[in-house]
Amino acid sequence: MKRLLLTGNGAAAWGARLAKAEYIPAFPITPQTEIIENLAAWIDSSEMPGRLVTLESEHSMMTAAGGAAAAGVRVFSATSSQGLLYAMEMLYTVAGWRVPFVLVNVSRALSAPITLEPDHNDVFAARDSGFIQIHCSTCQEVVDAVLLAYRLAEHPDIRLPVMVNLDGFYLSFTREPVTLPDQQGAAEFVGGFDPLGMAFRAGAPLSQAVAVLGGSQYSYFRYQQHLASLQALDVYDDLEREFFGRFGRSHPAVEAYRTDEAEMVFLMTGSFATKAGNAVDALRESGIRAGLVRPRLLRPFPVRRLRQVLRGVRGIAVIDQNLSVGKGGILYTELASALYGQENAPVLLSFIGGLGGRDISGEEFIGIARVTIDAIRSGSVPEPRLLYTADELRHIRKLQAIASVQQENHCRNHE
Amino acid sequence: MSESGMQYRGMEDFPSTRLFGSGTPMCAGCGGLLVIHQLYDLLGSDTVFINAAGCMTLLSVYPYTPFRGSWLYTAMASAPAGAQGVRDALDILLESDRLRREENLEVVVLTGDGAAYGMGLSATSGALDRGLDFIYLCYDNEGYGNTGQQYSPATPHGAATSTSRGNGGFRGNKKDLFSLWAAHNPPYAATVSASEPLDLARKVEKLRSLRGPRMLLAFSPCPTGWGFEPAQSVMIGNLAVQTGIWPLKEFIGGKVEHTVLPEKRLPVEEYLKRQGRFAHLFASSAGRDIIAELQGAVDRYWEGVR
């Protein structure tokens, strides 16, 4: 093991290298590009065996990833945002092929308006694709999650592609101390790639991804996929324990931070959860029994674990760094369905924030906790809130003023 | 392997075994299926067919397949990218001694014109850029056949389709996919017609002696989409060649060579009048003008062939 300062992108690339990925179909997109640049450099200098091929789009990249996995090699790929959406048809398709490989998504908000900084609408758009999803909040988690992801994907009871998510900028470009597993330990943990008969070779013809006629056959294969994904809940717990035994780091499917005796908890995913953790510390110091619950596994959704962890909590502030337009926070909806009908279920509050990389400040976390405590005490749950400050509104009004002045000038020039 | 293109002197040189299974759900008289039958007997079963969405996707419907070799259905736009992944994986396995030489496969993309001329063009161009070692078979039935023959970028000028039923038929012009391939300077590209099996076999023999991106663009008469009796499929193919509407040619060594020169070209009417999709052209003077236009385009093409 060695300790390095690594960006989230660097950690993702190390994960692929340590897992001995041998085929990397690639396509550049900000903020993911550094991952494939690192891998290309290692392959070019023979530090890492493997083959990296730049396709002409993410849609093709995902097709090549699925094709190579179907032919029996260990595949790694990475993308972000628009790229993930451009590949969307193939996400569903390759998950249906039941090919095991790992895709890192570096979250970035979706167009329009086009922007570079993160939120989670990209990865949640792929929520129902059949990919298993692991969401990270530190650079350390990224490298560890990639290793865990290969074990999950290639497990004989699962055989589904796995997506490892990290936030653009806040993780992708931020250097953090990361303890790298040594190559031998990582290789032993991940193991060799076993195609389990999924291969193309002369003398052993195989038809893969064929059409079906009729809903009965279609349903069968879709149910198989769903049941395989659900198996990943128990398998993940086993793998996570094995990982802890070998490397000494624990990454449970649902992280619970200071939830003992917690009256309220923040519930969220991604790098901003570390800020929520700081807020929890401050709140505890001031005598408020706050905690943080962070699901790492988003698909399959760890319902039983969440119920366990949230037992006794009286109020939950779900902070969604995404927006289902016309509905609200996606995580909020997911959690509500997991807790509905539970005895002594806590009150659920919904907050939308951090869209397009907008910060969620420490003060805001404290404010969210206060609102949640009030709701617990009063029994009256406020409407979902869209986080936005008066300062921000003043600033946008200034920009609008500039925009409309320019528009007036433009009109005048045409008169 | 014999000297390139020399093995097939007559029909007696053809393989006697029929490798491709019968009983597929394709329409009676399907011109695309004729080409696949001929090609598959020549290529053999040490192949993996990577399919783009189209009529031929219905060849392999769970749990049946007419292929003795392997198959992977991808999507409409990205079959060449699927071929890239499979080819690269096979190479990785060969290099690491996890696949024996004799277990290696020829990777074949099977696509219709709808994908080849439009949605799949970017993925195809990418595979050409990367020099991917694969065979690309496009069965060109000049429209989105599987959805009921709407016009595609491969539809000829004037043809009536289910989205160009108005006067004059399809207003656009057929895209020149052969030249698009040639512009990428691949090792091999050729047009073929199932009505000329000897020409087709010689071309398959030649492309098998080469590596890299190799295309066969196959004229594929479509009885249901074009409006003719299934039994006339081969005749329509013959007429397309004899009128000069479908030139048989190949791009090899950076040059285009015509492999069949129609000695005395028949008027295009002989081809057009046998198909329902062109019937409207014979019913008005404006239609007659379109026929003259089509004849003019064919004449100009062949004037350029010396």
# chains A, B, ... in the order shown; residues from 1 in each chain; ligands from 1
call {"tool": "residues_around", "arguments": {"residues": "Arg274 of chain B", "least_positions_apart": "4", "cutoff": "9 Å", "atoms": "only C-alpha atoms", "output": "PyMOL selection string"}}
result
chain B and resi 227-228+236+269-270+278-279
call {"tool": "write_last_selection", "arguments": {"atoms": "N, CA and C atoms", "output": "PDB file, in the first residue's frame"}}
result
ATOM      1  N   GLY B 227     -42.678  -3.501 -54.677  1.00  0.00           N
ATOM      2  CA  GLY B 227     -43.856  -3.834 -55.464  1.00  0.00           C
ATOM      3  C   GLY B 227     -43.562  -4.688 -56.686  1.00  0.00           C
ATOM      4  N   PHE B 228     -43.093  -5.908 -56.449  1.00  0.00           N
ATOM      5  CA  PHE B 228     -42.984  -6.890 -57.543  1.00  0.00           C
ATOM      6  C   PHE B 228     -43.176  -8.278 -56.965  1.00  0.00           C
ATOM      7  N   ILE B 236     -35.056  -8.739 -61.285  1.00  0.00           N
ATOM      8  CA  ILE B 236     -34.906  -7.308 -60.977  1.00  0.00           C
ATOM      9  C   ILE B 236     -33.427  -6.974 -60.787  1.00  0.00           C
ATOM     10  N   GLU B 269     -36.156   2.160 -68.305  1.00  0.00           N
ATOM     11  CA  GLU B 269     -37.592   1.811 -68.249  1.00  0.00           C
ATOM     12  C   GLU B 269     -37.809   0.320 -68.026  1.00  0.00           C
ATOM     13  N   GLU B 270     -36.932  -0.486 -68.638  1.00  0.00           N
ATOM     14  CA  GLU B 270     -37.067  -1.942 -68.520  1.00  0.00           C
ATOM     15  C   GLU B 270     -36.990  -2.372 -67.051  1.00  0.00           C
ATOM     16  N   PHE B 278     -42.298   2.553 -59.005  1.00  0.00           N
ATOM     17  CA  PHE B 278     -42.066   3.508 -60.093  1.00  0.00           C
ATOM     18  C   PHE B 278     -43.270   3.644 -61.020  1.00  0.00           C
ATOM     19  N   ALA B 279     -44.369   2.924 -60.724  1.00  0.00           N
ATOM     20  CA  ALA B 279     -45.528   2.889 -61.637  1.00  0.00           C
ATOM     21  C   ALA B 279     -46.041   4.296 -61.929  1.00  0.00           C
TER      22      ALA B 279
END
call {"tool": "residues_around", "arguments": {"residues": "Tyr139 of chain B", "least_positions_apart": "6", "cutoff": "9 Å", "atoms": "only C-alpha atoms", "output": "PyMOL selection string"}}
result
chain B and resi 31-33+35-36+110-113+216-220
call {"tool": "residues_around", "arguments": {"residues": "Glu34 of chain A", "least_positions_apart": "2", "cutoff": "12 Å", "atoms": "only C-alpha atoms", "output": "PyMOL selection string"}}
result
chain A and resi 6-14+26-32+36-41+78-80+106+168-169+172-173
call {"tool": "select_by_dssp", "arguments": {"residues": "segment 49-235 of chain B", "states": "helix (DSSP H, G or I)", "output": "MDAnalysis selection string"}}
result
chainID B and resid 55:59 79:95 101:103 113:119 121:129 145:147 177:183 197:208 223:226 230:235
call {"tool": "closest_residue", "arguments": {"among": "B:Arg101, B:Arg306, B:Lys174, B:Lys249", "to": "Thr191 of chain B", "atoms": "only C-alpha atoms"}}
result
B:Lys249
call {"tool": "interface_residues", "arguments": {"of": "chain B", "to": "chain A", "cutoff": "8 Å", "atoms": "only C-alpha atoms", "output": "VMD selection string"}}
result
chain B and resid 45 to 48 57 to 58 60 to 62 65 68 to 75 78 to 79 81 to 90 92 to 93 99 102 to 105 122 to 123 126
call {"tool": "write_last_selection", "arguments": {"atoms": "C-alpha atoms", "output": "PDB file, in the first residue's frame"}}
result
ATOM      1  CA  SER B  45     -19.193 -20.385 -39.833  1.00  0.00           C
ATOM      2  CA  ASP B  46     -15.948 -19.117 -38.293  1.00  0.00           C
ATOM      3  CA  THR B  47     -17.601 -15.750 -38.209  1.00  0.00           C
ATOM      4  CA  VAL B  48     -19.420 -13.502 -35.769  1.00  0.00           C
ATOM      5  CA  THR B  57     -32.405  -8.524 -36.868  1.00  0.00           C
ATOM      6  CA  LEU B  58     -35.284 -10.989 -37.128  1.00  0.00           C
ATOM      7  CA  SER B  60     -32.021 -14.621 -34.826  1.00  0.00           C
ATOM      8  CA  VAL B  61     -35.116 -14.778 -32.667  1.00  0.00           C
ATOM      9  CA  TYR B  62     -34.768 -16.614 -29.380  1.00  0.00           C
ATOM     10  CA  THR B  65     -30.840 -18.909 -35.541  1.00  0.00           C
ATOM     11  CA  ARG B  68     -23.931 -21.889 -37.698  1.00  0.00           C
ATOM     12  CA  GLY B  69     -21.461 -19.351 -36.355  1.00  0.00           C
ATOM     13  CA  SER B  70     -21.910 -16.555 -33.815  1.00  0.00           C
ATOM     14  CA  TRP B  71     -24.142 -13.499 -33.661  1.00  0.00           C
ATOM     15  CA  LEU B  72     -24.446 -10.291 -31.667  1.00  0.00           C
ATOM     16  CA  TYR B  73     -27.280  -7.829 -32.175  1.00  0.00           C
ATOM     17  CA  THR B  74     -26.261  -4.296 -31.161  1.00  0.00           C
ATOM     18  CA  ALA B  75     -28.458  -1.282 -32.028  1.00  0.00           C
ATOM     19  CA  SER B  78     -23.400   1.351 -33.672  1.00  0.00           C
ATOM     20  CA  ALA B  79     -22.836  -2.115 -35.173  1.00  0.00           C
ATOM     21  CA  ALA B  81     -18.492  -0.093 -32.795  1.00  0.00           C
ATOM     22  CA  GLY B  82     -19.735  -3.487 -31.599  1.00  0.00           C
ATOM     23  CA  ALA B  83     -17.425  -5.026 -34.199  1.00  0.00           C
ATOM     24  CA  GLN B  84     -14.597  -2.889 -32.786  1.00  0.00           C
ATOM     25  CA  GLY B  85     -15.131  -4.209 -29.276  1.00  0.00           C
ATOM     26  CA  VAL B  86     -15.399  -7.836 -30.398  1.00  0.00           C
ATOM     27  CA  ARG B  87     -12.383  -7.609 -32.741  1.00  0.00           C
ATOM     28  CA  ASP B  88     -10.252  -5.918 -30.085  1.00  0.00           C
ATOM     29  CA  ALA B  89     -11.273  -8.500 -27.492  1.00  0.00           C
ATOM     30  CA  LEU B  90     -10.428 -11.381 -29.844  1.00  0.00           C
ATOM     31  CA  ILE B  92      -6.370  -9.351 -26.790  1.00  0.00           C
ATOM     32  CA  LEU B  93      -7.288 -13.014 -26.226  1.00  0.00           C
ATOM     33  CA  LEU B  99      -7.647 -17.962 -27.806  1.00  0.00           C
ATOM     34  CA  GLU B 102      -7.794 -21.709 -35.153  1.00  0.00           C
ATOM     35  CA  GLU B 103     -10.470 -20.363 -32.808  1.00  0.00           C
ATOM     36  CA  ASN B 104     -10.222 -16.869 -34.293  1.00  0.00           C
ATOM     37  CA  LEU B 105     -13.252 -15.413 -36.058  1.00  0.00           C
ATOM     38  CA  SER B 122     -20.586   8.057 -37.993  1.00  0.00           C
ATOM     39  CA  ALA B 123     -19.782   4.690 -36.391  1.00  0.00           C
ATOM     40  CA  GLY B 126     -14.974   5.804 -37.128  1.00  0.00           C
TER      41      GLY B 126
END
call {"tool": "residues_around", "arguments": {"residues": "Pro300 of chain A", "least_positions_apart": "2", "cutoff": "6 Å", "atoms": "only C-alpha atoms", "output": "number ranges by chain"}}
result
A: 229-230, 298
call {"tool": "write_last_selection", "arguments": {"atoms": "N, CA and C atoms", "output": "mmCIF file, in the first residue's frame"}}
result
data_model
loop_
_atom_site.group_PDB
_atom_site.id
_atom_site.type_symbol
_atom_site.label_atom_id
_atom_site.label_comp_id
_atom_site.auth_asym_id
_atom_site.auth_seq_id
_atom_site.Cartn_x
_atom_site.Cartn_y
_atom_site.Cartn_z
ATOM 1 N N SER A 229 -29.912 -8.013 -10.026
ATOM 2 C CA SER A 229 -29.524 -6.759 -9.398
ATOM 3 C C SER A 229 -29.807 -6.804 -7.891
ATOM 4 N N LEU A 230 -30.958 -7.359 -7.514
ATOM 5 C CA LEU A 230 -31.301 -7.451 -6.091
ATOM 6 C C LEU A 230 -30.310 -8.337 -5.330
ATOM 7 N N LEU A 298 -26.965 2.863 -5.015
ATOM 8 C CA LEU A 298 -28.249 3.463 -5.418
ATOM 9 C C LEU A 298 -29.085 2.482 -6.229
#
call {"tool": "select_by_dssp", "arguments": {"residues": "segment 103-176 of chain B", "states": "strand (DSSP E)", "output": "list in words"}}
result
Glu106, Val107, Val108, Val109, Leu110, Thr111, Gly112, Phe134, Ile135, Tyr136, Leu137, Cys138, Tyr139 and Asp140 of chain B
call {"tool": "residues_around", "arguments": {"residues": "segment 342-351 of chain A", "least_positions_apart": "4", "cutoff": "8 Å", "atoms": "only C-alpha atoms", "output": "PyMOL selection string"}}
result
chain A and resi 312-320+329+332+336+372+375-376+379+381-387
call {"tool": "closest_residue", "arguments": {"among": "A:Pro295, A:Gly353, A:Pro113, A:Gly270", "to": "Leu335 of chain A", "atoms": "only C-alpha atoms"}}
result
A:Pro295
call {"tool": "residues_around", "arguments": {"residues": "His155 of chain A", "least_positions_apart": "4", "cutoff": "9 Å", "atoms": "only C-alpha atoms", "output": "PyMOL selection string"}}
result
chain A and resi 100+150-151+159-160+232+235
call {"tool": "atom_distance", "arguments": {"atom1": "atom CA of Asp167 of chain A", "atom2": "atom CA of Tyr92 of chain A"}}
result
22.4 Å
call {"tool": "residues_around", "arguments": {"residues": "Ile245 of chain B", "least_positions_apart": "3", "cutoff": "9 Å", "atoms": "only C-alpha atoms", "output": "count of residues only"}}
result
9
